[in-house]
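One file, query-v2.cif, is given below (mmCIF, N, CA and C atoms).
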data_target
#
loop_
_atom_site.label_atom_id
_atom_site.label_comp_id
_atom_site.auth_asym_id
_atom_site.auth_seq_id
_atom_site.Cartn_x
_atom_site.Cartn_y
_atom_site.Cartn_z
N MET N 7 -22.98 -77.26 64.03
CA MET N 7 -22.58 -75.90 64.18
C MET N 7 -21.43 -75.57 63.22
N LYS N 8 -20.57 -76.56 62.99
CA LYS N 8 -19.45 -76.35 62.10
C LYS N 8 -19.93 -76.10 60.67
N LYS N 9 -21.06 -76.74 60.29
CA LYS N 9 -21.60 -76.57 58.95
C LYS N 9 -22.03 -75.11 58.74
N TYR N 10 -22.67 -74.52 59.74
CA TYR N 10 -23.10 -73.13 59.63
C TYR N 10 -21.89 -72.21 59.55
N ASN N 11 -20.86 -72.52 60.27
CA ASN N 11 -19.66 -71.71 60.28
C ASN N 11 -18.99 -71.74 58.92
N ASN N 12 -18.90 -72.90 58.30
CA ASN N 12 -18.31 -73.04 56.97
C ASN N 12 -19.15 -72.30 55.93
N SER N 13 -20.45 -72.35 56.04
CA SER N 13 -21.33 -71.65 55.09
C SER N 13 -21.15 -70.14 55.23
N GLY N 14 -20.99 -69.69 56.45
CA GLY N 14 -20.77 -68.26 56.68
C GLY N 14 -19.46 -67.79 56.08
N LEU N 15 -18.41 -68.62 56.26
CA LEU N 15 -17.11 -68.28 55.68
C LEU N 15 -17.17 -68.30 54.15
N LEU N 16 -17.86 -69.31 53.62
CA LEU N 16 -18.00 -69.41 52.17
C LEU N 16 -18.78 -68.20 51.62
N GLY N 17 -19.83 -67.80 52.32
CA GLY N 17 -20.62 -66.63 51.91
C GLY N 17 -19.79 -65.36 51.96
N ALA N 18 -19.00 -65.20 53.02
CA ALA N 18 -18.14 -64.02 53.14
C ALA N 18 -17.10 -64.00 52.03
N ALA N 19 -16.55 -65.19 51.70
CA ALA N 19 -15.56 -65.28 50.63
C ALA N 19 -16.19 -64.92 49.29
N LEU N 20 -17.41 -65.41 49.05
CA LEU N 20 -18.09 -65.09 47.79
C LEU N 20 -18.41 -63.61 47.68
N ILE N 21 -18.79 -63.01 48.81
CA ILE N 21 -19.04 -61.56 48.82
C ILE N 21 -17.74 -60.81 48.50
N GLY N 22 -16.63 -61.25 49.08
CA GLY N 22 -15.33 -60.63 48.80
C GLY N 22 -14.96 -60.77 47.33
N VAL N 23 -15.20 -61.98 46.75
CA VAL N 23 -14.89 -62.19 45.33
C VAL N 23 -15.78 -61.29 44.47
N GLY N 24 -17.05 -61.17 44.83
CA GLY N 24 -17.97 -60.30 44.08
C GLY N 24 -17.54 -58.85 44.13
N CYS N 25 -17.12 -58.40 45.32
CA CYS N 25 -16.64 -57.01 45.43
C CYS N 25 -15.38 -56.81 44.61
N GLY N 26 -14.50 -57.78 44.61
CA GLY N 26 -13.27 -57.68 43.82
C GLY N 26 -13.57 -57.62 42.33
N LEU N 27 -14.48 -58.50 41.86
CA LEU N 27 -14.86 -58.48 40.45
C LEU N 27 -15.54 -57.16 40.06
N THR N 28 -16.32 -56.63 40.99
CA THR N 28 -16.96 -55.33 40.73
C THR N 28 -15.91 -54.25 40.57
N ALA N 29 -14.92 -54.25 41.45
CA ALA N 29 -13.85 -53.25 41.37
C ALA N 29 -13.09 -53.39 40.05
N ILE N 30 -12.81 -54.64 39.66
CA ILE N 30 -12.10 -54.87 38.38
C ILE N 30 -12.97 -54.41 37.22
N GLY N 31 -14.26 -54.69 37.26
CA GLY N 31 -15.17 -54.27 36.19
C GLY N 31 -15.22 -52.76 36.08
N ILE N 32 -15.31 -52.08 37.21
CA ILE N 32 -15.34 -50.62 37.19
C ILE N 32 -14.02 -50.07 36.65
N ALA N 33 -12.92 -50.71 37.04
CA ALA N 33 -11.60 -50.28 36.56
C ALA N 33 -11.48 -50.45 35.05
N LEU N 34 -12.20 -51.41 34.48
CA LEU N 34 -12.16 -51.62 33.02
C LEU N 34 -13.18 -50.74 32.30
N VAL N 35 -14.29 -50.45 32.93
CA VAL N 35 -15.36 -49.69 32.28
C VAL N 35 -15.01 -48.20 32.22
N ILE N 36 -14.40 -47.66 33.26
CA ILE N 36 -14.10 -46.23 33.28
C ILE N 36 -13.20 -45.81 32.11
N PRO N 37 -12.10 -46.49 31.83
CA PRO N 37 -11.28 -46.10 30.68
C PRO N 37 -12.03 -46.27 29.35
N ALA N 38 -12.84 -47.32 29.25
CA ALA N 38 -13.60 -47.52 28.02
C ALA N 38 -14.58 -46.37 27.80
N CYS N 39 -15.27 -45.95 28.86
CA CYS N 39 -16.21 -44.83 28.76
C CYS N 39 -15.47 -43.54 28.45
N ALA N 40 -14.32 -43.33 29.05
CA ALA N 40 -13.53 -42.13 28.78
C ALA N 40 -13.08 -42.10 27.33
N ASN N 41 -12.63 -43.24 26.82
CA ASN N 41 -12.19 -43.34 25.43
C ASN N 41 -13.35 -43.07 24.49
N TRP N 42 -14.51 -43.62 24.80
CA TRP N 42 -15.71 -43.44 23.99
C TRP N 42 -16.12 -41.97 23.98
N SER N 43 -16.11 -41.33 25.14
CA SER N 43 -16.47 -39.92 25.24
C SER N 43 -15.47 -39.04 24.49
N LEU N 44 -14.20 -39.34 24.61
CA LEU N 44 -13.18 -38.57 23.90
C LEU N 44 -13.32 -38.72 22.39
N GLY N 45 -13.71 -39.92 21.95
CA GLY N 45 -13.96 -40.14 20.52
C GLY N 45 -15.10 -39.27 20.02
N PHE N 46 -16.18 -39.21 20.79
CA PHE N 46 -17.30 -38.34 20.42
C PHE N 46 -16.89 -36.88 20.43
N ALA N 47 -16.12 -36.49 21.43
CA ALA N 47 -15.67 -35.09 21.52
C ALA N 47 -14.77 -34.74 20.34
N GLU N 48 -13.88 -35.65 19.96
CA GLU N 48 -12.99 -35.41 18.83
C GLU N 48 -13.78 -35.27 17.53
N THR N 49 -14.78 -36.12 17.35
CA THR N 49 -15.63 -36.04 16.17
C THR N 49 -16.38 -34.71 16.14
N ALA N 50 -16.90 -34.30 17.28
CA ALA N 50 -17.63 -33.03 17.36
C ALA N 50 -16.70 -31.85 17.06
N ILE N 51 -15.47 -31.90 17.55
CA ILE N 51 -14.51 -30.83 17.30
C ILE N 51 -14.16 -30.76 15.82
N LYS N 52 -13.96 -31.93 15.18
CA LYS N 52 -13.67 -31.93 13.74
C LYS N 52 -14.82 -31.34 12.95
N LYS N 53 -16.05 -31.74 13.29
CA LYS N 53 -17.21 -31.19 12.59
C LYS N 53 -17.33 -29.69 12.84
N GLY N 54 -17.03 -29.27 14.06
CA GLY N 54 -17.08 -27.84 14.38
C GLY N 54 -16.07 -27.05 13.58
N ARG N 55 -14.86 -27.59 13.45
CA ARG N 55 -13.83 -26.90 12.67
C ARG N 55 -14.22 -26.82 11.21
N GLU N 56 -14.79 -27.91 10.67
CA GLU N 56 -15.23 -27.90 9.28
C GLU N 56 -16.35 -26.87 9.09
N SER N 57 -17.26 -26.80 10.05
CA SER N 57 -18.36 -25.84 9.96
C SER N 57 -17.84 -24.42 10.02
N VAL N 58 -16.88 -24.18 10.91
CA VAL N 58 -16.31 -22.84 11.02
C VAL N 58 -15.58 -22.49 9.74
N GLY N 59 -14.86 -23.44 9.19
CA GLY N 59 -14.15 -23.19 7.93
C GLY N 59 -15.10 -22.89 6.80
N SER N 60 -16.18 -23.66 6.69
CA SER N 60 -17.13 -23.41 5.62
C SER N 60 -17.89 -22.12 5.86
N ALA N 61 -18.16 -21.79 7.12
CA ALA N 61 -18.84 -20.53 7.43
C ALA N 61 -17.93 -19.35 7.08
N ALA N 62 -16.64 -19.47 7.39
CA ALA N 62 -15.70 -18.40 7.07
C ALA N 62 -15.60 -18.24 5.56
N GLY N 63 -15.56 -19.34 4.84
CA GLY N 63 -15.54 -19.28 3.37
C GLY N 63 -16.79 -18.63 2.82
N PHE N 64 -17.92 -18.98 3.40
CA PHE N 64 -19.19 -18.40 2.95
C PHE N 64 -19.22 -16.90 3.21
N ILE N 65 -18.76 -16.50 4.39
CA ILE N 65 -18.74 -15.07 4.72
C ILE N 65 -17.79 -14.33 3.79
N GLY N 66 -16.64 -14.93 3.49
CA GLY N 66 -15.70 -14.32 2.54
C GLY N 66 -16.32 -14.17 1.16
N GLU N 67 -17.05 -15.20 0.75
CA GLU N 67 -17.71 -15.16 -0.55
C GLU N 67 -18.78 -14.06 -0.59
N VAL N 68 -19.56 -13.98 0.49
CA VAL N 68 -20.59 -12.93 0.56
C VAL N 68 -19.94 -11.55 0.56
N ALA N 69 -18.84 -11.40 1.30
CA ALA N 69 -18.15 -10.11 1.34
C ALA N 69 -17.60 -9.74 -0.04
N GLY N 70 -17.04 -10.72 -0.73
CA GLY N 70 -16.53 -10.45 -2.08
C GLY N 70 -17.65 -10.06 -3.03
N THR N 71 -18.77 -10.76 -2.94
CA THR N 71 -19.91 -10.44 -3.80
C THR N 71 -20.44 -9.05 -3.46
N ALA N 72 -20.53 -8.75 -2.16
CA ALA N 72 -21.02 -7.42 -1.75
C ALA N 72 -20.08 -6.33 -2.24
N LYS N 73 -18.78 -6.58 -2.15
CA LYS N 73 -17.81 -5.59 -2.60
C LYS N 73 -17.97 -5.35 -4.09
N HIS N 74 -18.18 -6.42 -4.84
CA HIS N 74 -18.38 -6.30 -6.28
C HIS N 74 -19.64 -5.48 -6.57
N HIS N 75 -20.73 -5.79 -5.85
CA HIS N 75 -21.98 -5.06 -6.06
C HIS N 75 -21.84 -3.59 -5.67
N PHE N 76 -21.14 -3.32 -4.57
CA PHE N 76 -20.94 -1.93 -4.18
C PHE N 76 -20.07 -1.20 -5.19
N GLY N 77 -19.08 -1.89 -5.75
CA GLY N 77 -18.25 -1.28 -6.79
C GLY N 77 -19.07 -0.94 -8.02
N GLU N 78 -19.93 -1.88 -8.43
CA GLU N 78 -20.80 -1.62 -9.57
C GLU N 78 -21.77 -0.48 -9.27
N ALA N 79 -22.30 -0.45 -8.05
CA ALA N 79 -23.23 0.62 -7.66
C ALA N 79 -22.53 1.97 -7.68
N THR N 80 -21.27 2.01 -7.26
CA THR N 80 -20.50 3.25 -7.27
C THR N 80 -20.30 3.74 -8.70
N LYS N 81 -19.94 2.82 -9.61
CA LYS N 81 -19.76 3.20 -11.01
C LYS N 81 -21.07 3.72 -11.60
N THR N 82 -22.16 3.03 -11.32
CA THR N 82 -23.46 3.44 -11.83
C THR N 82 -23.86 4.80 -11.28
N ALA N 83 -23.61 5.00 -9.98
CA ALA N 83 -23.94 6.29 -9.38
C ALA N 83 -23.13 7.41 -10.00
N LYS N 84 -21.86 7.18 -10.28
CA LYS N 84 -21.03 8.20 -10.92
C LYS N 84 -21.56 8.54 -12.30
N VAL N 85 -21.93 7.51 -13.07
CA VAL N 85 -22.45 7.73 -14.42
C VAL N 85 -23.75 8.53 -14.36
N HIS N 86 -24.65 8.12 -13.47
CA HIS N 86 -25.94 8.81 -13.36
C HIS N 86 -25.77 10.23 -12.83
N THR N 87 -24.82 10.42 -11.93
CA THR N 87 -24.57 11.76 -11.41
C THR N 87 -24.03 12.65 -12.51
N ALA N 88 -23.14 12.13 -13.33
CA ALA N 88 -22.60 12.91 -14.44
C ALA N 88 -23.71 13.26 -15.43
N ARG N 89 -24.57 12.31 -15.73
CA ARG N 89 -25.69 12.58 -16.65
C ARG N 89 -26.64 13.61 -16.06
N ALA N 90 -26.93 13.48 -14.77
CA ALA N 90 -27.82 14.44 -14.12
C ALA N 90 -27.20 15.83 -14.12
N ALA N 91 -25.90 15.93 -13.89
CA ALA N 91 -25.22 17.23 -13.92
C ALA N 91 -25.28 17.82 -15.31
N GLU N 92 -25.13 16.98 -16.32
CA GLU N 92 -25.21 17.45 -17.71
C GLU N 92 -26.61 17.98 -18.02
N VAL N 93 -27.63 17.27 -17.56
CA VAL N 93 -29.01 17.70 -17.80
C VAL N 93 -29.27 19.03 -17.07
N VAL N 94 -28.80 19.16 -15.86
CA VAL N 94 -28.98 20.40 -15.11
C VAL N 94 -28.26 21.54 -15.81
N GLU N 95 -27.06 21.28 -16.33
CA GLU N 95 -26.29 22.29 -17.04
C GLU N 95 -27.01 22.74 -18.31
N GLN N 96 -27.56 21.77 -19.03
CA GLN N 96 -28.31 22.10 -20.25
C GLN N 96 -29.57 22.92 -19.90
N ALA N 97 -30.22 22.55 -18.81
CA ALA N 97 -31.40 23.30 -18.39
C ALA N 97 -31.02 24.72 -18.00
N ALA N 98 -29.91 24.88 -17.34
CA ALA N 98 -29.44 26.22 -16.95
C ALA N 98 -29.13 27.04 -18.18
N ARG N 99 -28.52 26.47 -19.20
CA ARG N 99 -28.22 27.17 -20.45
C ARG N 99 -29.52 27.59 -21.14
N SER N 100 -30.46 26.66 -21.15
CA SER N 100 -31.75 26.96 -21.79
C SER N 100 -32.45 28.11 -21.09
N VAL N 101 -32.42 28.10 -19.76
CA VAL N 101 -33.06 29.19 -19.00
C VAL N 101 -32.33 30.49 -19.26
N LYS N 102 -31.01 30.42 -19.31
CA LYS N 102 -30.20 31.63 -19.54
C LYS N 102 -30.48 32.20 -20.93
N GLU N 103 -30.56 31.31 -21.94
CA GLU N 103 -30.85 31.77 -23.31
C GLU N 103 -32.27 32.31 -23.40
N TYR N 104 -33.18 31.67 -22.72
CA TYR N 104 -34.58 32.10 -22.76
C TYR N 104 -34.76 33.43 -22.04
N ALA N 105 -34.00 33.61 -20.98
CA ALA N 105 -34.11 34.83 -20.21
C ALA N 105 -33.42 35.99 -20.90
N SER N 106 -32.47 35.76 -21.78
CA SER N 106 -31.73 36.84 -22.43
C SER N 106 -32.49 37.47 -23.51
#
Output the file's structure in the form of structure tokens.
Amino acid sequence: MKKYNNSGLLGAALIGVGCGLTAIGIALVIPACANWSLGFAETAIKKGRESVGSAAGFIGEVAGTAKHHFGEATKTAKVHTARAAEVVEQAARSVKEYAS
């Protein structure tokens, strides 16, 4: 009977040691997982900032190009409007001379 009692105590002790090792393992794994996750998050944030910076630069470049094109379009429109006004004026003179 004493042999069974010793085996039971030994089994209970081994279960206690296993539970303790499990607790220690979990205590070591949680910080490692947190560190790993934070590393991934930091990398993602850096890439996000770089993407936002490049997107902002791209938008600025597009805006500058559009401004340049609109400026050129304005100049062209002014030139064509002046030419059209000149042609209309000449036509009005011709009609006036023809009608007189």
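Taking CA of Ala97 (chain N) as the reference point, CA of Lys81 (chain N) is found at 24.4 Å.
The interatomic distance for the pair atom N of Thr28 (chain N) and atom C of Leu15 (chain N) works out to 17.6 Å.
Atom C of Gly63 (chain N) lies 28.8 Å from atom N of Gly45 (chain N).
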